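Following: one structure in structure tokens, then a few remarks.
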Amino acid sequence: MTFSFAPDFLAKTQCPGQHSFDEFTIPALLDFVREDEVDHLLCPVRVIREYLRTTRDCWPACSRLLVTVSDPRRAVHCHTLSKFICQVIRRAYVSISEESSRLLKVNAHEVWAIGTSVLFRIVKSLDLVLKAGTWKNMTTFVSFYLRDVTRRYLDTFSLGPIVSAVKVVH
């Protein structure tokens, strides 16, 4: 599924008048897992299609992809989206111990850090990671966002494939 940014989108590190971002494609997990497997529920393309079906009555009144599901329909604020993503991650770890839960840092910064670190682990291209993170130099990424995403830290291998930073991770 391919997306493009709204013409008026401005990243936190971007100056007005700078080149806007290229469109990007989110791969479907259904190419890697069968539909009858529980892992197919992790497919972001499946979720987006269902969301679009549910919110189709909003279009074209709101030009944004993410809109509120209750009236009045309006674009979802970035802080609301950030809070939602963090809640989803916390709920995914509901069965872990209280001690482990305290060690689990779930905030927008950490989600961004882990996503871009997973991308770096896969593609091993600092230029691609800097572009994805809209960073101008590697110092920012390495100093504030690069995380150890080994199996010990992020046990994605027991979950099956996931999509992180628009790449399928096995």
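Following the order of the structure tokens, chains are lettered A, B, ..., residues in each are numbered from 1, and ligands are numbered from 1.
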Excluding same-chain residues fewer than 2 positions from A:Val111, what lies within 10 Å of it counting only C-alpha atoms, as an NGL selection string? :A and (82 or 85-86 or 89 or 105-109 or 113-117 or 145)
From the DSSP assignment of the backbone, select every residue of stretch 2-127 of chain A that is alpha helix (DSSP H), and format the answer as an mmCIF file with N, CA and C atoms, in the first residue's frame.
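New file states00.cif:
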```cif
data_model
loop_
_atom_site.group_PDB
_atom_site.id
_atom_site.type_symbol
_atom_site.label_atom_id
_atom_site.label_comp_id
_atom_site.auth_asym_id
_atom_site.auth_seq_id
_atom_site.Cartn_x
_atom_site.Cartn_y
_atom_site.Cartn_z
ATOM 1 N N PRO A 44 -0.140 -4.636 8.688
ATOM 2 C CA PRO A 44 -0.579 -3.243 8.698
ATOM 3 C C PRO A 44 -1.474 -2.898 7.510
ATOM 4 N N VAL A 45 -1.269 -3.542 6.375
ATOM 5 C CA VAL A 45 -2.101 -3.261 5.198
ATOM 6 C C VAL A 45 -3.536 -3.730 5.451
ATOM 7 N N ARG A 46 -3.696 -4.884 6.077
ATOM 8 C CA ARG A 46 -5.031 -5.382 6.423
ATOM 9 C C ARG A 46 -5.741 -4.400 7.356
ATOM 10 N N VAL A 47 -5.016 -3.896 8.348
ATOM 11 C CA VAL A 47 -5.588 -2.957 9.310
ATOM 12 C C VAL A 47 -5.981 -1.649 8.624
ATOM 13 N N ILE A 48 -5.120 -1.134 7.759
ATOM 14 C CA ILE A 48 -5.409 0.128 7.067
ATOM 15 C C ILE A 48 -6.616 -0.023 6.153
ATOM 16 N N ARG A 49 -6.710 -1.139 5.450
ATOM 17 C CA ARG A 49 -7.880 -1.366 4.584
ATOM 18 C C ARG A 49 -9.173 -1.396 5.396
ATOM 19 N N GLU A 50 -9.141 -2.055 6.531
ATOM 20 C CA GLU A 50 -10.323 -2.116 7.400
ATOM 21 C C GLU A 50 -10.678 -0.725 7.926
ATOM 22 N N TYR A 51 -9.663 0.037 8.313
ATOM 23 C CA TYR A 51 -9.879 1.403 8.792
ATOM 24 C C TYR A 51 -10.491 2.273 7.691
ATOM 25 N N LEU A 52 -9.965 2.168 6.476
ATOM 26 C CA LEU A 52 -10.501 2.953 5.360
ATOM 27 C C LEU A 52 -11.950 2.579 5.071
ATOM 28 N N ARG A 53 -12.267 1.300 5.178
ATOM 29 C CA ARG A 53 -13.642 0.859 4.973
ATOM 30 C C ARG A 53 -14.557 1.461 6.050
ATOM 31 N N THR A 54 -14.079 1.492 7.278
ATOM 32 C CA THR A 54 -14.863 2.006 8.397
ATOM 33 C C THR A 54 -15.064 3.516 8.319
ATOM 34 N N CYS A 78 -1.350 14.751 16.001
ATOM 35 C CA CYS A 78 -0.174 13.879 16.125
ATOM 36 C C CYS A 78 0.030 13.384 17.556
ATOM 37 N N HIS A 79 -0.312 14.186 18.553
ATOM 38 C CA HIS A 79 -0.167 13.743 19.946
ATOM 39 C C HIS A 79 -1.151 12.624 20.280
ATOM 40 N N THR A 80 -2.342 12.696 19.713
ATOM 41 C CA THR A 80 -3.335 11.639 19.913
ATOM 42 C C THR A 80 -2.836 10.338 19.303
ATOM 43 N N LEU A 81 -2.288 10.423 18.109
ATOM 44 C CA LEU A 81 -1.754 9.238 17.435
ATOM 45 C C LEU A 81 -0.593 8.637 18.233
ATOM 46 N N SER A 82 0.288 9.479 18.721
ATOM 47 C CA SER A 82 1.415 9.018 19.525
ATOM 48 C C SER A 82 0.927 8.290 20.776
ATOM 49 N N LYS A 83 -0.049 8.860 21.450
ATOM 50 C CA LYS A 83 -0.611 8.244 22.658
ATOM 51 C C LYS A 83 -1.245 6.892 22.329
ATOM 52 N N PHE A 84 -1.949 6.827 21.217
ATOM 53 C CA PHE A 84 -2.601 5.586 20.799
ATOM 54 C C PHE A 84 -1.565 4.484 20.530
ATOM 55 N N ILE A 85 -0.516 4.805 19.803
ATOM 56 C CA ILE A 85 0.528 3.816 19.493
ATOM 57 C C ILE A 85 1.158 3.284 20.783
ATOM 58 N N CYS A 86 1.442 4.168 21.718
ATOM 59 C CA CYS A 86 2.027 3.741 22.993
ATOM 60 C C CYS A 86 1.064 2.850 23.773
ATOM 61 N N GLN A 87 -0.231 3.163 23.753
ATOM 62 C CA GLN A 87 -1.227 2.322 24.437
ATOM 63 C C GLN A 87 -1.290 0.930 23.816
ATOM 64 N N VAL A 88 -1.232 0.858 22.493
ATOM 65 C CA VAL A 88 -1.264 -0.443 21.815
ATOM 66 C C VAL A 88 -0.060 -1.286 22.230
ATOM 67 N N ILE A 89 1.115 -0.678 22.288
ATOM 68 C CA ILE A 89 2.320 -1.413 22.682
ATOM 69 C C ILE A 89 2.206 -1.887 24.129
ATOM 70 N N ARG A 90 1.733 -1.032 25.024
ATOM 71 C CA ARG A 90 1.570 -1.438 26.426
ATOM 72 C C ARG A 90 0.595 -2.606 26.549
ATOM 73 N N ARG A 91 -0.494 -2.561 25.805
ATOM 74 C CA ARG A 91 -1.489 -3.642 25.857
ATOM 75 C C ARG A 91 -0.929 -4.954 25.307
ATOM 76 N N ALA A 92 0.001 -4.858 24.376
ATOM 77 C CA ALA A 92 0.623 -6.068 23.830
ATOM 78 C C ALA A 92 1.462 -6.776 24.892
ATOM 79 N N GLU A 98 5.166 -7.262 36.593
ATOM 80 C CA GLU A 98 5.163 -5.842 36.941
ATOM 81 C C GLU A 98 6.572 -5.259 36.862
ATOM 82 N N GLU A 99 7.568 -6.054 37.273
ATOM 83 C CA GLU A 99 8.961 -5.604 37.214
ATOM 84 C C GLU A 99 9.393 -5.355 35.768
ATOM 85 N N SER A 100 9.072 -6.288 34.878
ATOM 86 C CA SER A 100 9.403 -6.115 33.458
ATOM 87 C C SER A 100 8.650 -4.938 32.871
ATOM 88 N N SER A 101 7.424 -4.744 33.320
ATOM 89 C CA SER A 101 6.610 -3.631 32.830
ATOM 90 C C SER A 101 7.264 -2.292 33.148
ATOM 91 N N ARG A 102 7.868 -2.190 34.334
ATOM 92 C CA ARG A 102 8.548 -0.941 34.703
ATOM 93 C C ARG A 102 9.765 -0.694 33.813
ATOM 94 N N LEU A 103 10.417 -1.779 33.372
ATOM 95 C CA LEU A 103 11.594 -1.647 32.514
ATOM 96 C C LEU A 103 11.226 -1.299 31.077
ATOM 97 N N ALA A 108 6.706 7.943 22.679
ATOM 98 C CA ALA A 108 6.862 8.196 21.243
ATOM 99 C C ALA A 108 8.330 8.172 20.825
ATOM 100 N N HIS A 109 9.194 8.722 21.648
ATOM 101 C CA HIS A 109 10.622 8.760 21.327
ATOM 102 C C HIS A 109 11.188 7.347 21.201
ATOM 103 N N GLU A 110 10.844 6.459 22.130
ATOM 104 C CA GLU A 110 11.353 5.089 22.089
ATOM 105 C C GLU A 110 10.790 4.306 20.906
ATOM 106 N N VAL A 111 9.513 4.519 20.589
ATOM 107 C CA VAL A 111 8.911 3.839 19.436
ATOM 108 C C VAL A 111 9.648 4.253 18.164
ATOM 109 N N TRP A 112 9.899 5.528 18.014
ATOM 110 C CA TRP A 112 10.632 6.053 16.857
ATOM 111 C C TRP A 112 12.051 5.492 16.835
ATOM 112 N N ALA A 113 12.692 5.446 18.001
ATOM 113 C CA ALA A 113 14.063 4.944 18.098
ATOM 114 C C ALA A 113 14.141 3.473 17.703
ATOM 115 N N ILE A 114 13.234 2.660 18.212
ATOM 116 C CA ILE A 114 13.269 1.230 17.899
ATOM 117 C C ILE A 114 12.962 0.992 16.425
ATOM 118 N N GLY A 115 11.974 1.703 15.880
ATOM 119 C CA GLY A 115 11.637 1.537 14.462
ATOM 120 C C GLY A 115 12.802 1.859 13.546
ATOM 121 N N THR A 116 13.483 2.964 13.801
ATOM 122 C CA THR A 116 14.610 3.334 12.940
ATOM 123 C C THR A 116 15.831 2.458 13.207
ATOM 124 N N SER A 117 15.989 1.972 14.433
ATOM 125 C CA SER A 117 17.100 1.059 14.732
ATOM 126 C C SER A 117 16.904 -0.282 14.034
ATOM 127 N N VAL A 118 15.659 -0.764 14.004
ATOM 128 C CA VAL A 118 15.365 -2.003 13.276
ATOM 129 C C VAL A 118 15.656 -1.799 11.793
ATOM 130 N N LEU A 119 15.255 -0.656 11.248
ATOM 131 C CA LEU A 119 15.543 -0.358 9.840
ATOM 132 C C LEU A 119 17.052 -0.377 9.598
ATOM 133 N N PHE A 120 17.823 0.263 10.470
ATOM 134 C CA PHE A 120 19.278 0.295 10.313
ATOM 135 C C PHE A 120 19.864 -1.110 10.365
ATOM 136 N N ARG A 121 19.346 -1.946 11.239
ATOM 137 C CA ARG A 121 19.832 -3.329 11.348
ATOM 138 C C ARG A 121 19.583 -4.099 10.058
ATOM 139 N N ILE A 122 18.474 -3.815 9.394
ATOM 140 C CA ILE A 122 18.116 -4.539 8.170
ATOM 141 C C ILE A 122 18.902 -4.030 6.966
ATOM 142 N N VAL A 123 18.849 -2.715 6.724
ATOM 143 C CA VAL A 123 19.408 -2.175 5.481
ATOM 144 C C VAL A 123 20.876 -1.791 5.600
ATOM 145 N N LEU A 126 23.160 4.040 6.602
ATOM 146 C CA LEU A 126 22.915 5.202 7.438
ATOM 147 C C LEU A 126 22.167 6.284 6.665
ATOM 148 N N ASP A 127 22.478 6.452 5.385
ATOM 149 C CA ASP A 127 21.790 7.459 4.574
ATOM 150 C C ASP A 127 20.288 7.207 4.518
#
```
Select from chain A everything DSSP, run on the backbone, classes as strand (DSSP E or B), then give the selection as a PyMOL selection string. chain A and resi 2-3+24-25+67+75+162-164+167-169
Just give me the gap between atom CA of A:Ser4 and atom CA of A:Phe21 in Å, one decimal is fine.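 Straight-line distance from atom CA of A:Ser4 to atom CA of A:Phe21 works out to 7.8 Å.
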Residue among A:Arg64, A:Lys136, A:Arg56, A:Arg34 lying closest to A:Gln14, counting only C-alpha atoms: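 Of A:Arg64, A:Lys136, A:Arg56, A:Arg34, the one nearest A:Gln14 is A:Lys136, counting only C-alpha atoms.
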Shortest interatomic distance to A:Leu66 - which of A:Ala6, A:Cys43, A:Ile96, A:Val38, counting only C-alpha atoms: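 Residue with the minimum atom-to-atom distance to A:Leu66: A:Ala6.
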Would you mind listing what lies within 10 Å of A:Thr134 as a ChimeraX atom specification, with only C-alpha atoms counted and same-chain residues fewer than 6 positions away left out? /A:11-14,21,128,141
Could the residues in this selection be written to a file with N, CA and C atoms, as a PDB file, in the first residue's frame?
```pdb
ATOM      1  N   ALA A  11       7.884  18.243   8.572  1.00  0.00           N
ATOM      2  CA  ALA A  11       8.484  17.446   9.649  1.00  0.00           C
ATOM      3  C   ALA A  11       9.106  18.366  10.684  1.00  0.00           C
ATOM      4  N   LYS A  12       9.304  17.834  11.875  1.00  0.00           N
ATOM      5  CA  LYS A  12       9.854  18.616  12.981  1.00  0.00           C
ATOM      6  C   LYS A  12      11.210  19.221  12.625  1.00  0.00           C
ATOM      7  N   THR A  13      12.000  18.513  11.825  1.00  0.00           N
ATOM      8  CA  THR A  13      13.351  18.975  11.494  1.00  0.00           C
ATOM      9  C   THR A  13      13.427  19.652  10.129  1.00  0.00           C
ATOM     10  N   GLN A  14      12.285  19.923   9.527  1.00  0.00           N
ATOM     11  CA  GLN A  14      12.254  20.464   8.168  1.00  0.00           C
ATOM     12  C   GLN A  14      11.922  21.951   8.195  1.00  0.00           C
ATOM     13  N   PHE A  21       8.692  15.102   1.283  1.00  0.00           N
ATOM     14  CA  PHE A  21       9.070  13.696   1.319  1.00  0.00           C
ATOM     15  C   PHE A  21       8.482  12.924   0.155  1.00  0.00           C
ATOM     16  N   LEU A 128      19.892   5.956   4.332  1.00  0.00           N
ATOM     17  CA  LEU A 128      18.472   5.608   4.274  1.00  0.00           C
ATOM     18  C   LEU A 128      17.786   5.864   5.614  1.00  0.00           C
ATOM     19  N   PHE A 141      20.992  10.712  15.191  1.00  0.00           N
ATOM     20  CA  PHE A 141      20.506   9.330  15.223  1.00  0.00           C
ATOM     21  C   PHE A 141      21.319   8.485  16.197  1.00  0.00           C
TER      22      PHE A 141
END
```
